[in-house]
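Content type compact mmCIF, C-alpha atoms, from the file query-v3.txt:
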```
# COMPACT_ATOMS: atom_id res chain seq x y z
CA GLY A 1 -67.37 69.77 -74.25
CA ASP A 2 -69.16 66.72 -72.99
CA SER A 3 -72.85 66.56 -73.82
CA VAL A 4 -75.86 64.27 -73.82
CA THR A 5 -78.74 64.17 -76.29
CA GLN A 6 -81.87 62.30 -75.34
CA MET A 7 -85.14 61.59 -77.06
CA GLU A 8 -87.64 64.39 -76.87
CA GLY A 9 -90.97 63.77 -75.26
CA PRO A 10 -93.52 63.68 -74.10
CA VAL A 11 -94.04 59.95 -74.40
CA THR A 12 -97.45 58.47 -73.60
CA LEU A 13 -97.88 54.72 -73.21
CA SER A 14 -100.47 52.23 -72.05
CA GLU A 15 -99.76 50.02 -69.06
CA GLU A 16 -97.70 46.91 -69.92
CA ALA A 17 -96.28 48.52 -73.08
CA CYS A 18 -92.55 48.56 -73.81
CA LEU A 19 -90.59 51.74 -73.19
CA THR A 20 -87.36 52.87 -74.86
CA ILE A 21 -85.80 56.29 -74.32
CA ASN A 22 -82.83 56.98 -76.57
CA CYS A 23 -79.71 58.64 -75.21
CA THR A 24 -76.49 59.39 -77.09
CA TYR A 25 -73.43 61.19 -75.84
CA THR A 26 -70.37 63.13 -76.95
CA ALA A 27 -67.38 63.00 -74.65
CA THR A 28 -63.60 63.10 -74.49
CA GLY A 29 -62.39 59.77 -73.21
CA TYR A 30 -64.66 57.23 -71.61
CA PRO A 31 -67.33 58.73 -69.36
CA SER A 32 -69.61 57.14 -66.81
CA LEU A 33 -73.28 57.15 -67.81
CA PHE A 34 -76.34 57.54 -65.60
CA TRP A 35 -80.11 57.54 -65.76
CA TYR A 36 -82.00 59.59 -63.18
CA VAL A 37 -85.77 59.63 -62.59
CA GLN A 38 -87.83 62.53 -61.27
CA TYR A 39 -91.33 61.85 -59.97
CA PRO A 40 -93.79 64.79 -59.87
CA GLY A 41 -92.80 67.45 -57.35
CA GLU A 42 -89.69 65.62 -56.21
CA GLY A 43 -85.93 65.71 -56.68
CA LEU A 44 -84.01 63.36 -58.95
CA GLN A 45 -83.16 59.81 -57.94
CA LEU A 46 -80.46 57.63 -59.43
CA LEU A 47 -82.13 54.87 -61.44
CA LEU A 48 -79.10 53.06 -62.84
CA LYS A 49 -75.56 53.60 -64.04
CA ALA A 50 -72.68 52.13 -66.00
CA THR A 51 -69.04 53.10 -65.62
CA LYS A 52 -67.41 51.32 -68.57
CA ALA A 53 -68.19 50.06 -72.05
CA ASP A 54 -70.50 47.04 -72.32
CA ASP A 55 -71.65 47.41 -68.70
CA LYS A 56 -75.37 46.98 -68.20
CA GLY A 57 -77.11 48.93 -65.48
CA SER A 58 -80.44 47.66 -64.16
CA ASN A 59 -82.97 48.62 -61.50
CA LYS A 60 -86.75 48.36 -60.99
CA GLY A 61 -87.13 46.51 -64.30
CA PHE A 62 -85.25 49.19 -66.25
CA GLU A 63 -82.05 48.39 -68.15
CA ALA A 64 -79.45 50.32 -70.14
CA THR A 65 -76.25 49.11 -71.80
CA TYR A 66 -73.19 51.32 -72.31
CA ARG A 67 -72.41 51.05 -76.05
CA LYS A 68 -69.09 52.65 -76.93
CA GLU A 69 -69.43 51.86 -80.66
CA THR A 70 -72.65 53.83 -80.98
CA THR A 71 -71.97 56.23 -78.05
CA SER A 72 -75.37 55.34 -76.63
CA PHE A 73 -77.04 54.43 -73.33
CA HIS A 74 -80.70 53.79 -74.20
CA LEU A 75 -83.13 53.15 -71.34
CA GLU A 76 -85.54 50.22 -71.73
CA LYS A 77 -88.34 48.59 -69.77
CA GLY A 78 -90.35 45.69 -71.05
CA SER A 79 -93.65 46.35 -69.28
CA VAL A 80 -94.38 49.77 -67.79
CA GLN A 81 -96.74 50.58 -64.96
CA VAL A 82 -98.66 53.74 -64.12
CA SER A 83 -96.14 54.30 -61.31
CA ASP A 84 -93.38 54.68 -63.93
CA SER A 85 -94.85 58.02 -64.99
CA ALA A 86 -92.01 60.48 -64.43
CA VAL A 87 -89.32 62.54 -66.12
CA TYR A 88 -86.19 60.59 -67.06
CA PHE A 89 -82.77 62.23 -67.42
CA CYS A 90 -79.72 60.76 -69.09
CA ALA A 91 -76.40 62.10 -67.77
CA LEU A 92 -72.67 61.61 -68.12
CA TRP A 93 -69.60 62.29 -66.01
CA GLY A 94 -66.37 62.53 -67.98
CA PRO A 95 -63.00 61.32 -66.67
CA ASN A 96 -61.79 64.88 -66.02
CA ASP A 97 -65.12 66.48 -65.18
CA TYR A 98 -66.22 68.04 -61.92
CA LYS A 99 -69.96 67.60 -62.54
CA LEU A 100 -72.67 65.70 -64.36
CA SER A 101 -73.83 66.81 -67.81
CA PHE A 102 -77.58 66.22 -68.21
CA GLY A 103 -79.84 65.67 -71.17
CA ALA A 104 -83.01 67.73 -71.47
CA GLY A 105 -85.20 65.08 -69.86
CA THR A 106 -88.02 62.96 -71.30
CA THR A 107 -91.50 63.07 -69.77
CA VAL A 108 -93.18 59.67 -69.72
CA THR A 109 -96.88 59.21 -68.94
CA VAL A 110 -98.30 55.71 -68.51
CA ARG A 111 -102.08 55.34 -68.75
CA ALA A 112 -104.05 52.56 -67.12
CA ASP B 1 -80.00 57.88 -42.72
CA GLY B 2 -77.72 60.13 -44.69
CA GLY B 3 -79.11 62.49 -47.25
CA ILE B 4 -79.65 66.04 -48.42
CA THR B 5 -82.28 68.25 -46.85
CA GLN B 6 -83.65 71.26 -48.69
CA SER B 7 -85.87 73.76 -46.95
CA PRO B 8 -88.40 75.15 -47.23
CA LYS B 9 -90.30 72.98 -49.70
CA TYR B 10 -92.34 75.98 -50.88
CA LEU B 11 -91.22 79.61 -50.73
CA PHE B 12 -92.95 82.80 -51.80
CA ARG B 13 -91.04 85.96 -52.58
CA LYS B 14 -92.29 89.46 -53.05
CA GLU B 15 -90.87 91.65 -55.77
CA GLY B 16 -87.55 93.20 -54.68
CA GLN B 17 -86.90 90.76 -51.84
CA ASN B 18 -83.90 88.54 -51.31
CA VAL B 19 -84.63 85.00 -50.18
CA THR B 20 -82.32 82.20 -49.05
CA LEU B 21 -82.81 78.53 -49.82
CA SER B 22 -81.24 76.06 -47.44
CA CYS B 23 -79.32 72.92 -48.43
CA GLU B 24 -77.78 70.66 -45.78
CA GLN B 25 -76.13 67.26 -46.27
CA ASN B 26 -74.85 64.67 -43.80
CA LEU B 27 -73.19 62.47 -46.40
CA ASN B 28 -69.69 63.89 -45.83
CA HIS B 29 -69.62 64.90 -49.50
CA ASP B 30 -67.05 67.46 -50.61
CA ALA B 31 -68.86 68.82 -53.66
CA MET B 32 -72.24 70.55 -53.71
CA TYR B 33 -74.29 72.00 -56.56
CA TRP B 34 -77.33 74.19 -57.18
CA TYR B 35 -79.58 73.71 -60.20
CA ARG B 36 -82.62 75.54 -61.49
CA GLN B 37 -85.45 73.70 -63.24
CA ASP B 38 -88.21 75.53 -65.11
CA PRO B 39 -91.50 73.78 -66.06
CA GLY B 40 -90.91 71.22 -68.75
CA GLN B 41 -87.24 72.15 -68.90
CA GLY B 42 -83.99 70.47 -68.06
CA LEU B 43 -81.51 71.37 -65.32
CA ARG B 44 -79.34 74.47 -65.43
CA LEU B 45 -76.32 74.84 -63.15
CA ILE B 46 -76.30 77.96 -60.98
CA TYR B 47 -73.28 77.51 -58.68
CA TYR B 48 -71.10 74.70 -57.48
CA SER B 49 -68.55 74.16 -54.73
CA GLN B 50 -65.88 71.48 -54.68
CA ILE B 51 -64.50 72.33 -51.24
CA VAL B 52 -65.28 74.44 -48.20
CA ASN B 53 -64.73 78.20 -48.65
CA ASP B 54 -64.58 77.87 -52.42
CA PHE B 55 -67.29 78.04 -55.08
CA GLN B 56 -67.62 78.79 -58.80
CA LYS B 57 -70.30 80.19 -61.05
CA GLY B 58 -72.25 77.86 -63.24
CA ASP B 59 -74.12 78.67 -66.42
CA ILE B 60 -76.77 81.01 -64.94
CA ALA B 61 -75.21 82.62 -61.84
CA GLU B 62 -76.47 86.17 -62.42
CA GLY B 63 -78.87 87.24 -59.69
CA TYR B 64 -77.81 84.47 -57.31
CA SER B 65 -75.21 84.17 -54.56
CA VAL B 66 -73.91 81.30 -52.40
CA SER B 67 -71.61 80.59 -49.50
CA ARG B 68 -69.78 77.45 -48.35
CA GLU B 69 -68.62 78.09 -44.81
CA LYS B 70 -69.23 74.52 -43.68
CA LYS B 71 -68.87 71.26 -45.50
CA GLU B 72 -72.47 70.34 -44.69
CA SER B 73 -74.15 73.51 -45.87
CA PHE B 74 -74.48 75.33 -49.21
CA PRO B 75 -77.22 77.99 -49.01
CA LEU B 76 -78.42 79.78 -52.13
CA THR B 77 -79.62 83.39 -52.02
CA VAL B 78 -81.92 84.57 -54.78
CA THR B 79 -81.41 88.31 -54.96
CA SER B 80 -83.68 91.05 -56.27
CA ALA B 81 -81.41 91.20 -59.32
CA GLN B 82 -82.82 87.87 -60.49
CA LYS B 83 -85.74 89.08 -62.61
CA ASN B 84 -87.49 85.78 -63.16
CA PRO B 85 -86.85 83.65 -60.08
CA THR B 86 -90.00 81.52 -60.17
CA ALA B 87 -88.68 77.97 -60.60
CA PHE B 88 -87.91 74.68 -58.88
CA TYR B 89 -84.47 74.69 -57.24
CA LEU B 90 -82.51 71.51 -56.70
CA CYS B 91 -79.44 70.99 -54.55
CA ALA B 92 -77.12 68.04 -55.14
CA SER B 93 -73.89 66.68 -53.70
CA SER B 94 -71.11 64.35 -54.74
CA ILE B 95 -68.28 62.73 -52.79
CA ASP B 96 -65.59 64.41 -54.89
CA PRO B 97 -64.93 64.65 -58.64
CA PRO B 98 -62.99 61.40 -59.00
CA THR B 99 -65.58 59.46 -57.01
CA GLY B 100 -68.45 61.32 -58.65
CA PHE B 101 -67.35 59.57 -61.81
CA VAL B 102 -68.50 56.33 -60.20
CA TYR B 103 -71.42 57.42 -58.03
CA GLY B 104 -72.85 60.58 -59.59
CA TYR B 105 -74.99 62.90 -57.47
CA THR B 106 -77.36 62.64 -54.55
CA PHE B 107 -80.20 65.15 -54.87
CA GLY B 108 -82.38 66.93 -52.36
CA SER B 109 -86.16 67.04 -52.74
CA GLY B 110 -86.18 70.60 -54.04
CA THR B 111 -87.61 74.01 -53.17
CA ARG B 112 -90.33 75.57 -55.28
CA LEU B 113 -89.95 79.35 -55.33
CA THR B 114 -92.79 81.57 -56.49
CA VAL B 115 -92.80 85.34 -56.89
CA VAL B 116 -96.02 86.92 -55.67
```
Once more with this new file: its structure as C-alpha cells, please.
Amino acid sequence: GDSVTQMEGPVTLSEEACLTINCTYTATGYPSLFWYVQYPGEGLQLLLKATKADDKGSNKGFEATYRKETTSFHLEKGSVQVSDSAVYFCALWGPNDYKLSFGAGTTVTVRA
Amino acid sequence: DGGITQSPKYLFRKEGQNVTLSCEQNLNHDAMYWYRQDPGQGLRLIYYSQIVNDFQKGDIAEGYSVSREKKESFPLTVTSAQKNPTAFYLCASSIDPPTGFVYGYTFGSGTRLTVV
C-alpha cells in the first residue's frame, strides 16, 4: 500500500540555520503530497502541498518540490526561527485513496 | 469561520468508565476521521466515516466506538475495553475522497485524555 518515510528526529538547530527534512514515498500512481505542522499541544495544520510532479509548494518560508524521479518531497527552510519549533509530518493521498497516509513525524527544536 | 471543534480539550477518565469525545465541523465535509497520537509517536487511525450513517474501522479500532448520525458530528467513545486510553486524540475532516486528493484534511485542536 501507499506509504511515507520521513527523516527521524529529533532535530535541533540554532536560529537562522538551514532546515531540511527528508521525505520519500511509495505509491501506486501519482499521489498528492502534503506537509503538516503540529505546534505543542495543538492539532495539525496544513503547511504546504503539491498535487503533481515538479510542483513546488511554499508557505511561511518553507518549500518542498514534488520529485517523481526520486519519489521525494523534502521540506526546506533557509533560515529557521524559534517559532518554527514543532513536529512536521509528511503525508500522501493516492489517486484511489480515501485518506491520508502519514509519516512518523519529525520533531524540530530551534534554539535562540 | 468554518472549522472543526473538538471538546473537551482535556478529559480525565477513571478506570472502567466510558467517555465520549466530541467532534463537530461546519465545513460541509463528507468524510471525518479519528486519530490517536501517543507521546513522540505518529498518528494512528481509529475510525473513519465517508458518509452519514456509515463508518469503518481503522488500524486500532478495538476498545473504541463511533457514530455518524449527522454530517456535522462524529463523536468517539472510548470504552472500558480500551486498556491504555491515555493519549492525544485528533479529529479531522475532508470534503470527499476525490477532493481530499487536492486539499487533504482539516484538523481539530485535539482532546488530551488521561486515565486517573
Give me, as a short mmCIF file (atom, residue, chain, number, x, y, z; two decimals) with C-alpha atoms, in the frame of the given file, the contact residues of chain B against chain A at a cut-off of 9 Å, counting all atoms listed in the file.
```cif
data_model
loop_
_atom_site.label_atom_id
_atom_site.label_comp_id
_atom_site.auth_asym_id
_atom_site.auth_seq_id
_atom_site.Cartn_x
_atom_site.Cartn_y
_atom_site.Cartn_z
CA ALA B 31 -68.86 68.82 -53.66
CA TYR B 33 -74.29 72.00 -56.56
CA GLY B 40 -90.91 71.22 -68.75
CA GLN B 41 -87.24 72.15 -68.90
CA GLY B 42 -83.99 70.47 -68.06
CA LEU B 43 -81.51 71.37 -65.32
CA ARG B 44 -79.34 74.47 -65.43
CA TYR B 48 -71.10 74.70 -57.48
CA GLN B 50 -65.88 71.48 -54.68
CA PHE B 88 -87.91 74.68 -58.88
CA LEU B 90 -82.51 71.51 -56.70
CA CYS B 91 -79.44 70.99 -54.55
CA SER B 94 -71.11 64.35 -54.74
CA ASP B 96 -65.59 64.41 -54.89
CA PRO B 97 -64.93 64.65 -58.64
CA PRO B 98 -62.99 61.40 -59.00
CA GLY B 100 -68.45 61.32 -58.65
CA PHE B 101 -67.35 59.57 -61.81
CA VAL B 102 -68.50 56.33 -60.20
CA TYR B 103 -71.42 57.42 -58.03
CA GLY B 104 -72.85 60.58 -59.59
CA TYR B 105 -74.99 62.90 -57.47
CA THR B 106 -77.36 62.64 -54.55
CA PHE B 107 -80.20 65.15 -54.87
CA GLY B 108 -82.38 66.93 -52.36
CA SER B 109 -86.16 67.04 -52.74
CA GLY B 110 -86.18 70.60 -54.04
CA ARG B 112 -90.33 75.57 -55.28
#
```
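Counting from CA of Val108 (chain A), the distance to CA of Leu13 (chain A) is 7.7 Å.
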**Message:** Here is a test: counting all atoms listed in the file, which residue of B:Asn18, B:Leu11, B:Ala92, B:Gly63 is nearest to Ser49 (chain B)?
**Reply:** B:Ala92
**Prompt:** Which residue, A:Asp2, A:Asp55, A:Glu15, A:Glu8, has the smallest gap to Tyr88 (chain A) when you use all atoms listed in the file?
**Reply:** A:Glu8
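With only C-alpha atoms as the atoms that count, the residue of B:Trp34, B:Pro39, B:Ile95, B:Ser73 with the shortest distance to Lys57 (chain B) is B:Trp34.
Checking A:Val110, A:Leu47, A:Ala53, A:Ala86 one by one against Lys68 (chain A), counting only C-alpha atoms, you find the shortest gap at A:Ala53.
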**Request:** Write out as a ChimeraX atom specification each polymer residue whose atoms come within 12 Å of Ser79 (chain A), counting only C-alpha atoms; drop sequence neighbours fewer than 4 positions from it.
**Result:** /A:13-20,60-63,83-84,110
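Computed from the coordinates, the CA of Val66 (chain B) to CA of Ser93 (chain B) distance equals 14.7 Å.
Taking CA of Ala61 (chain B) as the reference point, CA of Tyr47 (chain B) is found at 6.3 Å.
Nearest residue to Gln25 (chain B) among B:Phe12, B:Glu72, B:Asp54, B:Asp38 is B:Glu72, counting all atoms listed in the file.
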Any chance you could turn region 48-77 of chain A into a file with N, CA and C atoms, as a short mmCIF file (atom, residue, chain, number, x, y, z; two decimals), in the first residue's frame?
```cif
data_model
loop_
_atom_site.label_atom_id
_atom_site.label_comp_id
_atom_site.auth_asym_id
_atom_site.auth_seq_id
_atom_site.Cartn_x
_atom_site.Cartn_y
_atom_site.Cartn_z
N LEU A 48 2.03 23.04 3.50
CA LEU A 48 2.10 23.21 2.05
C LEU A 48 1.75 21.90 1.38
N LYS A 49 1.52 21.97 0.06
CA LYS A 49 1.15 20.76 -0.67
C LYS A 49 1.56 20.87 -2.13
N ALA A 50 1.57 19.71 -2.79
CA ALA A 50 1.81 19.66 -4.23
C ALA A 50 1.01 18.50 -4.79
N THR A 51 0.32 18.73 -5.89
CA THR A 51 -0.59 17.72 -6.41
C THR A 51 -0.08 17.03 -7.66
N LYS A 52 1.03 17.49 -8.25
CA LYS A 52 1.57 16.79 -9.40
C LYS A 52 3.09 16.99 -9.46
N ALA A 53 3.72 16.13 -10.23
CA ALA A 53 5.18 16.14 -10.33
C ALA A 53 5.71 17.51 -10.74
N ASP A 54 6.81 17.89 -10.12
CA ASP A 54 7.54 19.14 -10.36
C ASP A 54 6.85 20.36 -9.74
N ASP A 55 5.68 20.18 -9.14
CA ASP A 55 5.05 21.28 -8.41
C ASP A 55 5.90 21.63 -7.19
N LYS A 56 5.95 22.89 -6.86
CA LYS A 56 6.62 23.33 -5.65
C LYS A 56 5.57 23.96 -4.74
N GLY A 57 5.47 23.44 -3.53
CA GLY A 57 4.62 24.06 -2.52
C GLY A 57 5.46 24.98 -1.67
N SER A 58 4.86 26.09 -1.22
CA SER A 58 5.61 27.01 -0.36
C SER A 58 4.66 27.74 0.58
N ASN A 59 5.17 28.04 1.78
CA ASN A 59 4.38 28.75 2.78
C ASN A 59 5.29 29.08 3.96
N LYS A 60 5.17 30.27 4.50
CA LYS A 60 5.91 30.70 5.70
C LYS A 60 7.41 30.49 5.56
N GLY A 61 7.94 30.59 4.37
CA GLY A 61 9.38 30.42 4.15
C GLY A 61 9.79 28.98 3.91
N PHE A 62 8.88 28.04 4.06
CA PHE A 62 9.14 26.63 3.79
C PHE A 62 8.83 26.33 2.32
N GLU A 63 9.60 25.38 1.76
CA GLU A 63 9.37 24.94 0.40
C GLU A 63 9.55 23.43 0.31
N ALA A 64 8.85 22.82 -0.65
CA ALA A 64 9.06 21.40 -0.97
C ALA A 64 8.68 21.19 -2.42
N THR A 65 9.48 20.41 -3.13
CA THR A 65 9.24 20.14 -4.55
C THR A 65 8.93 18.67 -4.74
N TYR A 66 7.87 18.38 -5.46
CA TYR A 66 7.41 17.02 -5.77
C TYR A 66 8.33 16.46 -6.85
N ARG A 67 9.19 15.49 -6.46
CA ARG A 67 10.14 14.88 -7.40
C ARG A 67 9.71 13.46 -7.69
N LYS A 68 9.16 13.25 -8.89
CA LYS A 68 8.69 11.92 -9.26
C LYS A 68 9.88 10.96 -9.45
N GLU A 69 10.99 11.47 -10.00
CA GLU A 69 12.13 10.61 -10.32
C GLU A 69 12.73 9.97 -9.07
N THR A 70 12.73 10.73 -7.98
CA THR A 70 13.31 10.24 -6.73
C THR A 70 12.24 9.92 -5.69
N THR A 71 10.98 9.99 -6.08
CA THR A 71 9.81 9.78 -5.18
C THR A 71 10.03 10.49 -3.85
N SER A 72 10.30 11.79 -3.94
CA SER A 72 10.63 12.55 -2.73
C SER A 72 9.86 13.85 -2.66
N PHE A 73 9.78 14.39 -1.46
CA PHE A 73 9.09 15.68 -1.20
C PHE A 73 9.74 16.29 0.04
N HIS A 74 11.00 16.63 -0.06
CA HIS A 74 11.79 17.12 1.08
C HIS A 74 11.38 18.54 1.46
N LEU A 75 11.26 18.77 2.74
CA LEU A 75 10.89 20.10 3.26
C LEU A 75 12.15 20.90 3.58
N GLU A 76 12.18 22.17 3.14
CA GLU A 76 13.36 23.00 3.35
C GLU A 76 12.96 24.40 3.82
N LYS A 77 13.82 24.97 4.66
CA LYS A 77 13.69 26.38 5.03
C LYS A 77 15.09 26.93 5.21
#
```
